[in-house]
Each structure stands twice: as C-alpha cells, then as structure tokens.
Amino acid sequence: MQFQQTYAKASNISHVGGRTLVDFAPDLGREPTFFQGRIKDPIRYRDAMIALRDVVVSDLNVKPKDHRAYQEWVQQQYVLDLIDTMGTESGEAARMLLIRQRIQELDHMRAKRMGPYYKARARYFNWLYHNDPDAWFVLDPVITVAPDQVFFEAFSLDESSYGRLAVHSELFDDVKDFAYGTTNIDFSDALLNEIQRIRSYRPTEFQVDPSGFEVATEGREVYKEKKIDVPVSWIRGFLQVQSAMTMPAVTFDVKPIDLYNLCTFLRRHKERHSPRSLKFLLKPGQPVQVVIEPWNEVMTFSDSVYLGDTEQEIRTWGRRRLFLLERLLPLSRKITVNLLGTGLPSFYVADLGNLSFTLGLSGWTRNDWAGAGNFDLLIGSSVQVTPEESKQVFSKMKWKKTATAESLAEWTGLPVPTVQAALRQLCSAGRVMFDLEIGRYRLRELTRDPLPVDQLRYANPREEKAKKLVQQGHVSLSRKEASASGVTLYGSVRTSNRSVEPQVVLDHDRRIEQGECTCYFYKQNKLMQGPCEHMMALVAIARD
C-alpha cells in the first residue's frame, strides 16, 4: 500500500543555551498539525519515549539459528575421518587428500578476489543504516495533537505489541501555538540518542514544528520526500487494536511493585516446557492472584481487589512482552489491566501522572494483531448505518475531537445504536479510535487519504471463505433461540467433504459472546484466533 510523506527538515533535539528543544518534523502532505510548549517533567517524558521506542524495535519471534558454518565443519571432519579410516597408503585416500587441499586453495583464492567487493558492500550498508534509516525501517510513528493530550502510536517489529504514549496537557507549560490533527513524524535512531540526553536541569521545549508548512506553502525545497510501501498488516493491526479495545473486558488495578515482582520472577527463571502462561484467578471481593506456569508459582496482589460479579479464570500468553513496561514501573502510580479473555488480547495502562502509556498485547507473541485475530468480527452491530449518517457522526467528531456515543447521539439527533454502528464503521476506516484510558472515542485519522477498503477487507482466508460459503448457498440456519441476554444461532455448513455444525451466541449488539463448531480449526484454536469461517457464515446469513 503506497503512501507519500514529505518533510521540511529532519526531526532533531538540540541542547543550546542551557535548554533542550525537542523538534519533531511533521508530514507536510497532511492537514497542518503542530504544537509548541514547554515540558514540565522532562525525565518522565524521556523515559516514556524510550519505552515507546522499546516497543517499536521489539521482536520476540523465535529466530532459527544459522547452522551453515557448523555443517561445513561437520563435512570437513567427515572427510578427514574417512581418510584416516581408509589409511594414508591407500590410493583413494591420497586422491581425496589432494582434492581437499585443492578445494582449500580455491576457497582462499575466491576470498582474496571477492574481498574488495565484500568490504565495499559492508561500507555501503553501514552508510545506509546511518544516513538513510528509512531503508531499514520505513514506518514513521503516528502522532496526534488533541485538546487534552499529544499522543504517539506505534507497533513492534513482530506486530504483536501496540504502544501508545499520551502526554497530557497538564505536562505542558507556556503553550504558544497549536493545531489539532494527526500526522506522521520523522523519528530516527539519531533522535532517540538525543532523547536519552534530556536532563531535568535543562528546560525542555517540545514542538511539532509549524514552520514546515510555511515551506510547503512558499514552494521552497523540502528536506525529504519519500514514497513508502506500508504493509497491509500494519494498517490492519491499527484497525484490529481499535476493535479489540471496544470489546468487553475484565478490568482491575495493580500496584507497579506487583508487576515488577512478576517480571523479576520471569527474568530469574527460564521455562523449559509448556505451559508458558499467566493464569489470573479472579474471585469477587478477593485479591487478584496470578499463577505463573509451568512452575505454578502463585502471586497474590494484596492491594488489587477484584470487583466483578462472577468468579473467572483467564489465561494469557506471550508474558515476556511485559518487560516493555519495566522502565516505567518506578514512575507509575498504578497499572490498569484489561483482559478480554483466555487467549485474547490484553491491555496494560500505566498511569504516570501527567502521562499515560498503553501497552496492547495480542493473544500470544506469534499471534500478531493483523494476521490471526479477527476482533472486528467480534464487535458486530444489529443496526445498518447509511453513508449520510456516518458522515454526520464524523463531522461532529471533527468538531468535538473526543466524545461518547451517547453525547454524539444527542448532538446529531440519531439513535444511540445508529451512532454506535457509525463509530464502529469509522474505526474500521481508520478515521476514529477508541481511547481505552478515558472510555471515549477520539478523532484520529490514521492516513491522509481514505483507506482502500478492498485491500483491507480480508485479514486472512477464513473471511473470504465465509463469504463464498454464503454466496454458494452452503449455509443454513436451522434454529434461532432468543433469550434475555441475546440470541443463539444453530446451523449447518456443507464443505467439500462433509458438513459441520456451528453454534454462535450473540448479544444484543450482535457481538459474538460464545461460539463453537465441529470443524478442525475450532477444535485446535477455540476463539483465540477469532471465529472459524463456518461461524462467520452463520452470523452473516442471520444478519441478512
């Protein structure tokens, strides 16, 4: 997916005259978005920005070791052992020894002849890394200037972790100029090195530079103009995070020391076998307990009382990604944990006073946000919204910047269910986001131009298969049972070699609460990778 970005200059941090200037260069191709103000607590800001960078460079996928050098050594040893076994007096052994010596001479000649090329290639890639980092990592962070905060959003390299740093307006002093909006910023490794030099004894100025837009207006030369090919998974990841944030969650607060003790235990112990999960034991009115498997170590968070109505047990995987929060724990007042369910995403919101940091984790490390979790399919709506209604809701969001569905319904005169459906549609289009911290929707236009819906329609083959099953008439709804909490669908789906029987429980918002199927995919994954294509098809014909 092609995007073009234009910058008037490089982002930089300068330490001149006893003060520090954090100067971000915005994308000139988007609506003017800028901000200028002084940071009251530069140390918290510095550590929070470094934590965001830790999320960006995080890649915990298992990387297979390169055994080529070892295999070459094994082959050489095999030849030597074979020569010893045959005896040095044997004619075959002597011939093998000569051939081996000749191969070594040829390898030496090749290395000598190719030496200048290898050195030139190494110099080129070293220059490229330091002078054109976009060739290595092309996805600039997204920054949004809102009335109550300035926030940054980014994804990890393995696309399983989402980071959002919100700098609240209370952290800024002497705000000179601003324009609300969303833009990309030029954020390089060199800029990170300068961020690490921020100190409390130097006043720190923060700006998303407005002067660049004057350059664009006057037509002067810009610093950098680039066209980047953004992976579809990166776009879908942002959209799936928003879908997951609007899902019902079990929420409780923990002390930073509790999370620190949990991380310390994981650092001191290396699991050798499964299971490798955190099992949260939640009993109404009782302190939250966490069982660390496979050691079955039980930690009790004595100051964290579960206030829910029903007893629950929720397991999460990919727990070592919690190390991304370690830097922020000494600065945090509390950590709010949001668990969507066993094997489903989880969100950790660190309260840093005038800053907040949200870490969103997919079900497990290999289960990235874009490829496996179809959370947009779990937040369905029983209301169809027209383009005019969606446009009306969006225009109010452009004006108010943050709002609840109820307040938007009051301002637009539309029913609340219609507004909720429009907001879900806008979230799926990348125009609006849900802020888990304040429980409201925010205006955040992820891209300058509308997203190509056709390219983002299917996250994986299951969605496309579900549509084909419906079009081919292979899906039948046998029974629908209504209850006080929602409706239960029963049906059958004919596949190429057999029939399967999906069953789905929907709430009043047509959101999938429970589901099961007799197919192999469900037996292997349950709902941890989203519903199977048979459940999707059953829900689709029930909505028609």
# chains A, B, ... in the order shown; residues from 1 in each chain; ligands from 1

$ select_by_dssp --residues "range 249-488 of chain A" --states "helix (DSSP H, G or I)" --output "ChimeraX atom specification"
/A:256-268,319-331,375-378,387-400,405-412,416-428,453-456,461-471

$ residues_around --residues "Ile99 in chain A" --least-positions-apart "5" --cutoff "12 Å" --atoms "only C-alpha atoms" --output "PyMOL selection string"
chain A and resi 79-80+83+92-94+104-106

$ atom_distance --atom1 "CA of Arg315 in chain A" --atom2 "CA of Pro294 in chain A"
12.5 Å

$ closest_atom_pairs --of "range 268-386 of chain A" --to "range 153-168 of chain A" --cutoff "6 Å" --atoms "only C-alpha atoms" --output "JSON lines"
{"residue": "A:Asn354", "atom": "CA", "partner": "A:His168", "partner_atom": "CA", "distance": 5.3}
{"residue": "A:Leu355", "atom": "CA", "partner": "A:Val167", "partner_atom": "CA", "distance": 4.7}
{"residue": "A:Ser356", "atom": "CA", "partner": "A:Ala166", "partner_atom": "CA", "distance": 5.2}
{"residue": "A:Phe357", "atom": "CA", "partner": "A:Leu165", "partner_atom": "CA", "distance": 4.6}
{"residue": "A:Thr358", "atom": "CA", "partner": "A:Arg164", "partner_atom": "CA", "distance": 5.0}
{"residue": "A:Leu359", "atom": "CA", "partner": "A:Gly163", "partner_atom": "CA", "distance": 4.9}
{"residue": "A:Gly360", "atom": "CA", "partner": "A:Tyr162", "partner_atom": "CA", "distance": 4.8}
{"residue": "A:Leu361", "atom": "CA", "partner": "A:Ser161", "partner_atom": "CA", "distance": 4.8}
{"residue": "A:Ser362", "atom": "CA", "partner": "A:Ser160", "partner_atom": "CA", "distance": 5.4}
{"residue": "A:Thr365", "atom": "CA", "partner": "A:Ser160", "partner_atom": "CA", "distance": 5.7}
{"residue": "A:Asp368", "atom": "CA", "partner": "A:Ser160", "partner_atom": "CA", "distance": 4.2}
{"residue": "A:Trp369", "atom": "CA", "partner": "A:Ser160", "partner_atom": "CA", "distance": 5.6}

$ closest_residue --among "A:Ile512, A:Ala122, A:Met247, A:Ala48" --to "Phe152 in chain A" --atoms "only C-alpha atoms"
A:Ala48

$ closest_residue --among "A:Arg319, A:Arg100, A:Arg494, A:Arg424" --to "Lys468 in chain A" --atoms "only C-alpha atoms"
A:Arg494

$ closest_residue --among "A:Leu322, A:Val254, A:Leu328, A:Leu436" --to "Trp364 in chain A" --atoms "only C-alpha atoms"
A:Leu322
